[in-house]
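Chemist: Input: one structure, supplied below.
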Amino acid sequence: MGYKTIIEDDIDILVAGAGLGGTGAAFEARYWGKDKKIVIAEKANIDRSGAVAQGLYAINCYMGTRFGENNPEDHVRYARIDLMGMVREDLAFDMARHVDSTVHNFEDWGLPIMRNSKTGAYLREGRWQIMIHGESYKPIVAEAAKKSADKVFNRVCVTHLLMDDSKENRVAGAVGFNVRTGNYHVFKAKTVICGAGGASNIFKPRSVGEGAGRVWYAPWSSGSAYGLMIEAGAKMTQMENRIVLARFKDGYGPVGAYFLHLKTYTQNAYGEEYESKWFPELQERVGKEYLDPEASHTTHRPIPTCLRNHAIISEVNAGRGPIHMVTMEAFQDPHLEEIGWHNFLGMTVGQAVLWAATDVDPKYENPELTTSEPYVMGSHATGCGAWCSGPEDVSPPEYYWGYNRMTTIEGLFGAGDAVGGTPHAFSSGSFTEGRLAAKAACKYIDDGKAEGIRVSSEQIERRRKEIYKPLETYTVNRNEIVAGSVNPNYINPRQGLDRLQKLMDEYCGGFGVNYMTNDKLLHIGLKKMKALEEDLDKVAASDIHELLRAWELKHRFLTSESVFQHTLFRKETRWPGYYYRGDAMKLDDQNWHVLTVSRRDPKSGEYTMEKAPLYHLVGDIEDKDLAKLKAEGHH
Amino acid sequence: MHIDKTLRRAYNIEPNMCWECYSCVKACPHQAIDVRGYADFAPLGHSVRVLRDEEKGTIAWRIKFRNGKKDMELLAPITTKPWGTGYPDLAQASAPSKEMRDGELLFNEPKYVRMDDGGLHTLESNGLEIKEGVYY
Ligand SMILES: Cc1cc2nc3c(=O)[nH]c(=O)nc-3n(C[C@H](O)[C@H](O)[C@H](O)COP(=O)(O)OP(=O)(O)OC[C@H]3O[C@@H](n4cnc5c(N)ncnc54)[C@H](O)[C@@H]3O)c2cc1C
Ligand code: SF4
Ligand code: SF4
């Protein structure tokens with residue numbers, strides 16, 4: 001095969017995947033590392049890559065300390081209750097105390113942020129969200145990264161991390177291939193900041209056929225952040241904590257602005273409020289600490305997202321679906337109607353396409369909502385990802401090993417979806433995490449921690465062979481194809497993806513089984529995963545495009561296996577509405593008020609699981625709410 | 001998107017991996033790319049078109065319903081500055097002190113956190129303590 005090998009040497013900071021986290025890392029690295037060599041390797045083109053490709057209509061994480069709105073600890077409390085207690089509060093606090101400075105930089109760069117004409121503060125969508133005209137959000141932040149980086153390699157799919165051959169468990173760069181030319185790219189680097197994003201398409205989606213790409217999270221989010229780090233032996237946390245989204249049916253249009261700004265609400269098919277009736281039974285299962293509708297009514301405490309999903313799922317199962325979003329009232333106001341449409345055009349165009357195609361005018365018809373297939377990511381209302389060190393001045397010893405956002409592999413850092421235990425970071429928080437990781441990576445280099453790294457030509461050659469193997473498998477076996485894509489000796493990436501999605505759906509709690517699983521199903525699923533792993537060794541690619549799909553599939557596989565292992569380990573139902581363990585339907589704080597941590601041994605592929613302690617830094621109820629409750633005579 | 005050299009047309013090589021994100025539509029300088037909703041659930045006969053203009057700093061949309069009853073035009077800003085301006089030159093920015101390197105501040109901080117002279121939040125400044133176990 002005539003592909004060239006292109007070696008980029010002497011890199012100080014390699015950003016692998018430049019979405020919101022990676023662009024933040026590349027930008028900030030230049031400030032702390034004036035003379036350092038900063039390189040970006042990105043699968044697509046950083047101007048439009050990642051989850052923010054279409055733009056966003058809101059920045060979902062902004063404290064507003066400047067306007068006297070919130071403190072970082074308020075956000076920690078919010079993220080914690082939303083995630084049923086399971087948050088790395090040191091990381092969450094750290095992100096929240098810096099996030100406003102990120103947003104103020106964005107405004108300098110030209111991002112249009114809406115203002116409240118009365119107060120002059122940013123226009124709030126909800127307590128944490130501010131509204132923007134964000135169609136060009138990604139190109140605007142990408143520009144900042146481009147100005148900082150020495151080189152940007154667009155269209156390079158990173159397949160593996162390189163490891164130091166002179167010191168165990170230390171990173172030494174990454175390798176991948178150009179998805180257009182097919183060339184082999186070797187990046188030798190002192191540090192790597194992994195920002196390759198979360199995982200869509202690992203559970204079978206509701207969408208079928210031509211429309212299979214119309215999923216909530218971008219179809220190009222291939223779990224590469226997880227695949228790369230797991231393969232290298234990094235410890236992961238909370239990988240069982242997949243997320244299910246309640247969204248407009250088929251189009252997956254966002255509901256945040258509808259609920260918070262347009263004040264629309266939901267009802268069942270018969271026009272009834274349904275949510276509250278599912279709460280008493282649910283409260284018995286999860287405990288009053290986690291579900292207390294009365295407290296949520298009178299204070300700032302939200303009802304966790306998963307529990308609201310649970311009400312939708314239960315109501316539909318009871319035969320009173322579909323659930324509708326009541327838009328007909330709000331949309332009578334032409335201003336609100338316009339916002340409703342802009343909201344889609346700025347971040348989920350497909351929903352506007354769908355309503356235009358199906359003649360659903362939300363002014364005269366209440367659109368349907370449904371719960372999605374599960375996704376694995378770490379920056380939305382969920383916290384899957386790598387087990388990372390926190391900041392020196394906040395983290396307890398169990399959470400601290402030297403450099404902020406460094407994984408358990410030396411010199412390997414994470415940002416955004418890659419970092420575990422930090423839900424509700426969203427776009428602004430992911431960019432902030434990239435900045436924090438970049439500063440720490442510069443310090444790591446300046447402290448001399450990256451001295452003496454050696455990458456053998458054996459390692460480079462071994463990875464090269466491995467990367468192109470699917471092309472070879474195809475060439476060697478293609479003569480046995482009778483017609484179409486059926487071959488006795490290999491599977492193609494689409495066939496592999498279909499099998500993975502079916503397995504995840506049926507055995508690991510997808511929408512097809514109402515998000516239900518148990519220990520028996522998980523064991524059977526894991527057995528089938530082993531066979532799939534063997535078949536992935538024989539995956540075939542007929543061209544470079546299929547080679548990309550083959551490697552995405554391998555990353556998705558590693559992510560999925562980790563989800564299986566974690567789901568099996570946590571023997572309780574912590575997040576009803578995200579998934580259920582049929583053999584342990586209750587939340588169990590006695591045994592499981594802990595974070596789950598895993599490691600896959602890179603040599604044997606065996607998993608080890610452990611529990612890590614949970615540290616908290618704030619009380620349950622905000623001071624101002626507490627004062628109010630006391631005044632009303634509750635305490 | 002690939003180009004069919006015989007027909008001289010660009011086409012989507014893998015529609016079932018398309019997010020309908022319109023990035024290609026916005027990027028084409030000749031407005032040559034059109035999108036119709038997925039056949040699996042979107043009936044024919046609708047249209048959503050877009051024109052993004054970096055010079056003007058705007059994006060214009062037109063949405064036409066299948067039944068012809070709704071035909072909307074919407075316009076939004078995409079930036080507040082001439083494209084590509086407004087960025088600091090970090091290589092030239094004054095070098096951070098050792099104290100800053102060893103501390104918790106990022107570029108432009110603490111100023112940019114609150115846009116006043118206040119400092120960065122810490123556990124100490126906010127009267128917090130990090131403790132193990134369920135106590136809240
Ligand atoms: C549907 C949706 C709606 C959202 N809405 C909002 C919102 O309204 N407001 C808000 O603030 N946040 C929102 N978010 C959250 C926000 O988009 C994410 O938190 C943020 O983008 C995460 O940043 P990231 O860098 O981890 O991932 P991404 O931004 O997705 O970036 C990952 C990058 O890695 C690249 N990559 C992947 N694999 C490889 C590989 N193998 N090699 C090289 N590069 C690779 C990708 O191309 C991409 O550029 C939303 C997210 C989703 C999915
Ligand atoms: S709409 Fe988006 S996902 Fe679809 S082909 Fe164009 S750029 Fe790709
Ligand atoms: S005119 Fe548009 S669609 Fe055609 S090749 Fe150029 S960018 Fe692509």
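Labels used: A, B, ... for chains in the order of the structure tokens, numbers from 1 for residues in each chain, and numbers from 1 for ligands as shown.
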Can you list, as a ChimeraX atom specification, every protein, DNA or RNA residue that comes within 9 Å of Ile303 of chain A when you count only C-alpha atoms, leaving out same-chain residues fewer than 4 positions away?
Modeler: /A:81-82,290-293,296,307-308
Chemist: Show me, as CSV, the residues of chain B having an atom within 8 Å of ligand 2, each with the closest atom pair and its distance in Å, using only C-alpha atoms and all ligand atoms.
Modeler:
residue,atom,partner,partner_atom_place_in_ligand_line,distance
B:Met1,CA,ligand 2,5 (S),6.0
B:Asn12,CA,ligand 2,5 (S),5.7
B:Glu14,CA,ligand 2,5 (S),7.9
B:Pro15,CA,ligand 2,4 (Fe),7.0
B:Met17,CA,ligand 2,3 (S),6.8
B:Cys18,CA,ligand 2,3 (S),3.8
B:Trp19,CA,ligand 2,3 (S),4.2
B:Glu20,CA,ligand 2,1 (S),3.9
B:Cys21,CA,ligand 2,2 (Fe),3.9
B:Tyr22,CA,ligand 2,1 (S),3.9
B:Ser23,CA,ligand 2,7 (S),4.3
B:Cys24,CA,ligand 2,7 (S),4.1
B:Val25,CA,ligand 2,6 (Fe),6.2
B:Val35,CA,ligand 2,1 (S),7.6
Chemist: Could those residues be written to a file, using all heavy atoms, as an mmCIF file, in the first residue's frame?
Modeler:
data_model
loop_
_atom_site.group_PDB
_atom_site.id
_atom_site.type_symbol
_atom_site.label_atom_id
_atom_site.label_comp_id
_atom_site.auth_asym_id
_atom_site.auth_seq_id
_atom_site.Cartn_x
_atom_site.Cartn_y
_atom_site.Cartn_z
ATOM 1 N N MET B 1 -19.031 14.451 1.697
ATOM 2 C CA MET B 1 -19.452 14.742 0.327
ATOM 3 C C MET B 1 -18.338 14.325 -0.631
ATOM 4 O O MET B 1 -17.171 14.617 -0.375
ATOM 5 C CB MET B 1 -19.733 16.248 0.172
ATOM 6 C CG MET B 1 -20.805 16.779 1.110
ATOM 7 S SD MET B 1 -22.461 16.136 0.836
ATOM 8 C CE MET B 1 -22.850 16.860 -0.757
ATOM 9 N N ASN B 12 -23.664 12.927 -1.235
ATOM 10 C CA ASN B 12 -23.387 12.407 0.096
ATOM 11 C C ASN B 12 -23.145 10.899 -0.004
ATOM 12 O O ASN B 12 -24.036 10.161 -0.404
ATOM 13 C CB ASN B 12 -24.591 12.709 0.995
ATOM 14 C CG ASN B 12 -24.343 12.352 2.440
ATOM 15 O OD1 ASN B 12 -23.476 11.539 2.750
ATOM 16 N ND2 ASN B 12 -25.096 12.951 3.324
ATOM 17 N N GLU B 14 -22.722 8.712 2.318
ATOM 18 C CA GLU B 14 -23.242 7.857 3.392
ATOM 19 C C GLU B 14 -24.362 8.582 4.148
ATOM 20 O O GLU B 14 -24.190 8.987 5.292
ATOM 21 C CB GLU B 14 -22.088 7.513 4.349
ATOM 22 C CG GLU B 14 -22.215 6.180 5.025
ATOM 23 C CD GLU B 14 -21.049 5.941 5.992
ATOM 24 O OE1 GLU B 14 -20.125 6.770 6.058
ATOM 25 O OE2 GLU B 14 -21.093 4.916 6.690
ATOM 26 N N PRO B 15 -25.530 8.726 3.492
ATOM 27 C CA PRO B 15 -26.618 9.491 4.127
ATOM 28 C C PRO B 15 -26.979 8.984 5.527
ATOM 29 O O PRO B 15 -27.341 9.776 6.397
ATOM 30 C CB PRO B 15 -27.788 9.319 3.166
ATOM 31 C CG PRO B 15 -27.165 8.980 1.852
ATOM 32 C CD PRO B 15 -25.906 8.223 2.172
ATOM 33 N N MET B 17 -25.173 8.196 7.841
ATOM 34 C CA MET B 17 -24.253 8.721 8.857
ATOM 35 C C MET B 17 -24.241 10.252 8.795
ATOM 36 O O MET B 17 -23.295 10.886 9.248
ATOM 37 C CB MET B 17 -22.841 8.177 8.645
ATOM 38 C CG MET B 17 -22.639 6.810 9.275
ATOM 39 S SD MET B 17 -22.573 6.939 11.074
ATOM 40 C CE MET B 17 -21.934 5.336 11.486
ATOM 41 N N CYS B 18 -25.265 10.815 8.199
ATOM 42 C CA CYS B 18 -25.360 12.289 8.088
ATOM 43 C C CYS B 18 -26.208 12.809 9.242
ATOM 44 O O CYS B 18 -27.264 12.279 9.541
ATOM 45 C CB CYS B 18 -25.997 12.653 6.756
ATOM 46 S SG CYS B 18 -26.541 14.375 6.643
ATOM 47 N N TRP B 19 -25.750 13.860 9.892
ATOM 48 C CA TRP B 19 -26.441 14.414 11.071
ATOM 49 C C TRP B 19 -27.464 15.485 10.668
ATOM 50 O O TRP B 19 -28.080 16.076 11.510
ATOM 51 C CB TRP B 19 -25.396 15.020 12.019
ATOM 52 C CG TRP B 19 -25.801 15.126 13.457
ATOM 53 C CD1 TRP B 19 -26.693 14.354 14.141
ATOM 54 C CD2 TRP B 19 -25.305 16.078 14.423
ATOM 55 N NE1 TRP B 19 -26.768 14.748 15.468
ATOM 56 C CE2 TRP B 19 -25.926 15.795 15.653
ATOM 57 C CE3 TRP B 19 -24.382 17.130 14.352
ATOM 58 C CZ2 TRP B 19 -25.659 16.538 16.820
ATOM 59 C CZ3 TRP B 19 -24.114 17.855 15.506
ATOM 60 C CH2 TRP B 19 -24.756 17.565 16.718
ATOM 61 N N GLU B 20 -27.538 15.805 9.374
ATOM 62 C CA GLU B 20 -28.333 16.942 8.889
ATOM 63 C C GLU B 20 -27.872 18.225 9.565
ATOM 64 O O GLU B 20 -28.669 19.067 9.960
ATOM 65 C CB GLU B 20 -29.826 16.749 9.171
ATOM 66 C CG GLU B 20 -30.552 15.907 8.150
ATOM 67 C CD GLU B 20 -32.059 15.865 8.379
ATOM 68 O OE1 GLU B 20 -32.518 16.197 9.485
ATOM 69 O OE2 GLU B 20 -32.781 15.490 7.445
ATOM 70 N N CYS B 21 -26.547 18.356 9.720
ATOM 71 C CA CYS B 21 -26.044 19.506 10.459
ATOM 72 C C CYS B 21 -25.921 20.742 9.583
ATOM 73 O O CYS B 21 -25.713 21.843 10.077
ATOM 74 C CB CYS B 21 -24.686 19.181 11.085
ATOM 75 S SG CYS B 21 -23.303 19.188 9.925
ATOM 76 N N TYR B 22 -26.024 20.569 8.290
ATOM 77 C CA TYR B 22 -25.969 21.684 7.334
ATOM 78 C C TYR B 22 -24.589 22.348 7.234
ATOM 79 O O TYR B 22 -24.469 23.419 6.655
ATOM 80 C CB TYR B 22 -27.038 22.746 7.655
ATOM 81 C CG TYR B 22 -28.401 22.473 7.041
ATOM 82 C CD1 TYR B 22 -29.087 21.303 7.333
ATOM 83 C CD2 TYR B 22 -28.997 23.385 6.165
ATOM 84 C CE1 TYR B 22 -30.336 21.051 6.783
ATOM 85 C CE2 TYR B 22 -30.250 23.140 5.608
ATOM 86 C CZ TYR B 22 -30.919 21.966 5.926
ATOM 87 O OH TYR B 22 -32.157 21.713 5.377
ATOM 88 N N SER B 23 -23.562 21.756 7.824
ATOM 89 C CA SER B 23 -22.227 22.372 7.715
ATOM 90 C C SER B 23 -21.781 22.428 6.256
ATOM 91 O O SER B 23 -21.219 23.432 5.807
ATOM 92 C CB SER B 23 -21.199 21.595 8.537
ATOM 93 O OG SER B 23 -21.465 21.728 9.903
ATOM 94 N N CYS B 24 -22.043 21.353 5.499
ATOM 95 C CA CYS B 24 -21.644 21.346 4.083
ATOM 96 C C CYS B 24 -22.478 22.354 3.302
ATOM 97 O O CYS B 24 -21.972 23.050 2.428
ATOM 98 C CB CYS B 24 -21.783 19.935 3.490
ATOM 99 S SG CYS B 24 -23.427 19.209 3.660
ATOM 100 N N VAL B 25 -23.767 22.431 3.648
ATOM 101 C CA VAL B 25 -24.659 23.359 2.946
ATOM 102 C C VAL B 25 -24.176 24.800 3.135
ATOM 103 O O VAL B 25 -24.095 25.579 2.192
ATOM 104 C CB VAL B 25 -26.103 23.220 3.490
ATOM 105 C CG1 VAL B 25 -27.057 24.141 2.725
ATOM 106 C CG2 VAL B 25 -26.566 21.778 3.409
ATOM 107 N N VAL B 35 -30.926 19.881 0.965
ATOM 108 C CA VAL B 35 -31.199 18.773 1.878
ATOM 109 C C VAL B 35 -32.691 18.480 1.842
ATOM 110 O O VAL B 35 -33.496 19.405 1.872
ATOM 111 C CB VAL B 35 -30.810 19.169 3.325
ATOM 112 C CG1 VAL B 35 -31.229 18.083 4.301
ATOM 113 C CG2 VAL B 35 -29.318 19.423 3.442
#
Chemist: Using only C-alpha atoms and all ligand atoms, which residues have at least one atom no more than 8 Å from ligand 3? Output them as a list in words.
Modeler: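 Answer in the requested format: Met1, His2, Ile3, Arg9, Ala10, Tyr11, Cys24, Val25, Ala27, Cys28, Pro29, His30, Gln31, Ala32 and Ile33 of chain B.
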Chemist: Grab the residues selected above and save them as a compact mmCIF listing (two decimals), in the first residue's frame with C-alpha atoms.
Modeler:
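result-v4.txt, freshly written:
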# COMPACT_ATOMS: atom_id res chain seq x y z
CA MET B 1 -19.45 14.74 0.33
CA HIS B 2 -17.75 13.31 -2.76
CA ILE B 3 -17.79 14.49 -6.36
CA ARG B 9 -22.09 16.67 -9.05
CA ALA B 10 -21.27 16.39 -5.39
CA TYR B 11 -23.16 13.76 -3.41
CA CYS B 24 -21.64 21.35 4.08
CA VAL B 25 -24.66 23.36 2.95
CA ALA B 27 -19.83 25.98 3.39
CA CYS B 28 -20.64 25.62 -0.33
CA PRO B 29 -19.94 28.98 -1.95
CA HIS B 30 -22.48 28.33 -4.72
CA GLN B 31 -25.42 27.19 -2.58
CA ALA B 32 -25.30 24.01 -4.59
CA ILE B 33 -26.21 21.64 -1.76
Chemist: Can you work out the spacing between atom CA of Val326 of chain A and atom 7 (C, counted along the ligand's line) of ligand 1 in Å, to one decimal?
Modeler: 21.6 Å
Chemist: Write out as JSON, numbers by chain every residue belonging to chain A that has an atom at most 6 Å from any atom of chain B, counting only C-alpha atoms.
Modeler: {"A": [30, 31, 34, 54, 65, 66, 97, 100, 101, 108, 109, 110, 111, 112, 135, 136, 210, 211, 212, 213, 214, 350, 354, 356, 357, 359, 614, 615, 616, 617, 619, 620]}
Chemist: So which bits of segment 306-495 of chain A end up strand (DSSP E) when you DSSP the backbone, as a ChimeraX atom specification?
Modeler: /A:323-326,368-371,385-386,412-414
Chemist: Just give me the gap between atom CA of Thr371 of chain A and atom CA of Gly577 of chain A in Å, one decimal is fine.
Modeler: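 According to the coordinates, atom CA of Thr371 of chain A and atom CA of Gly577 of chain A are separated by 9.1 Å.
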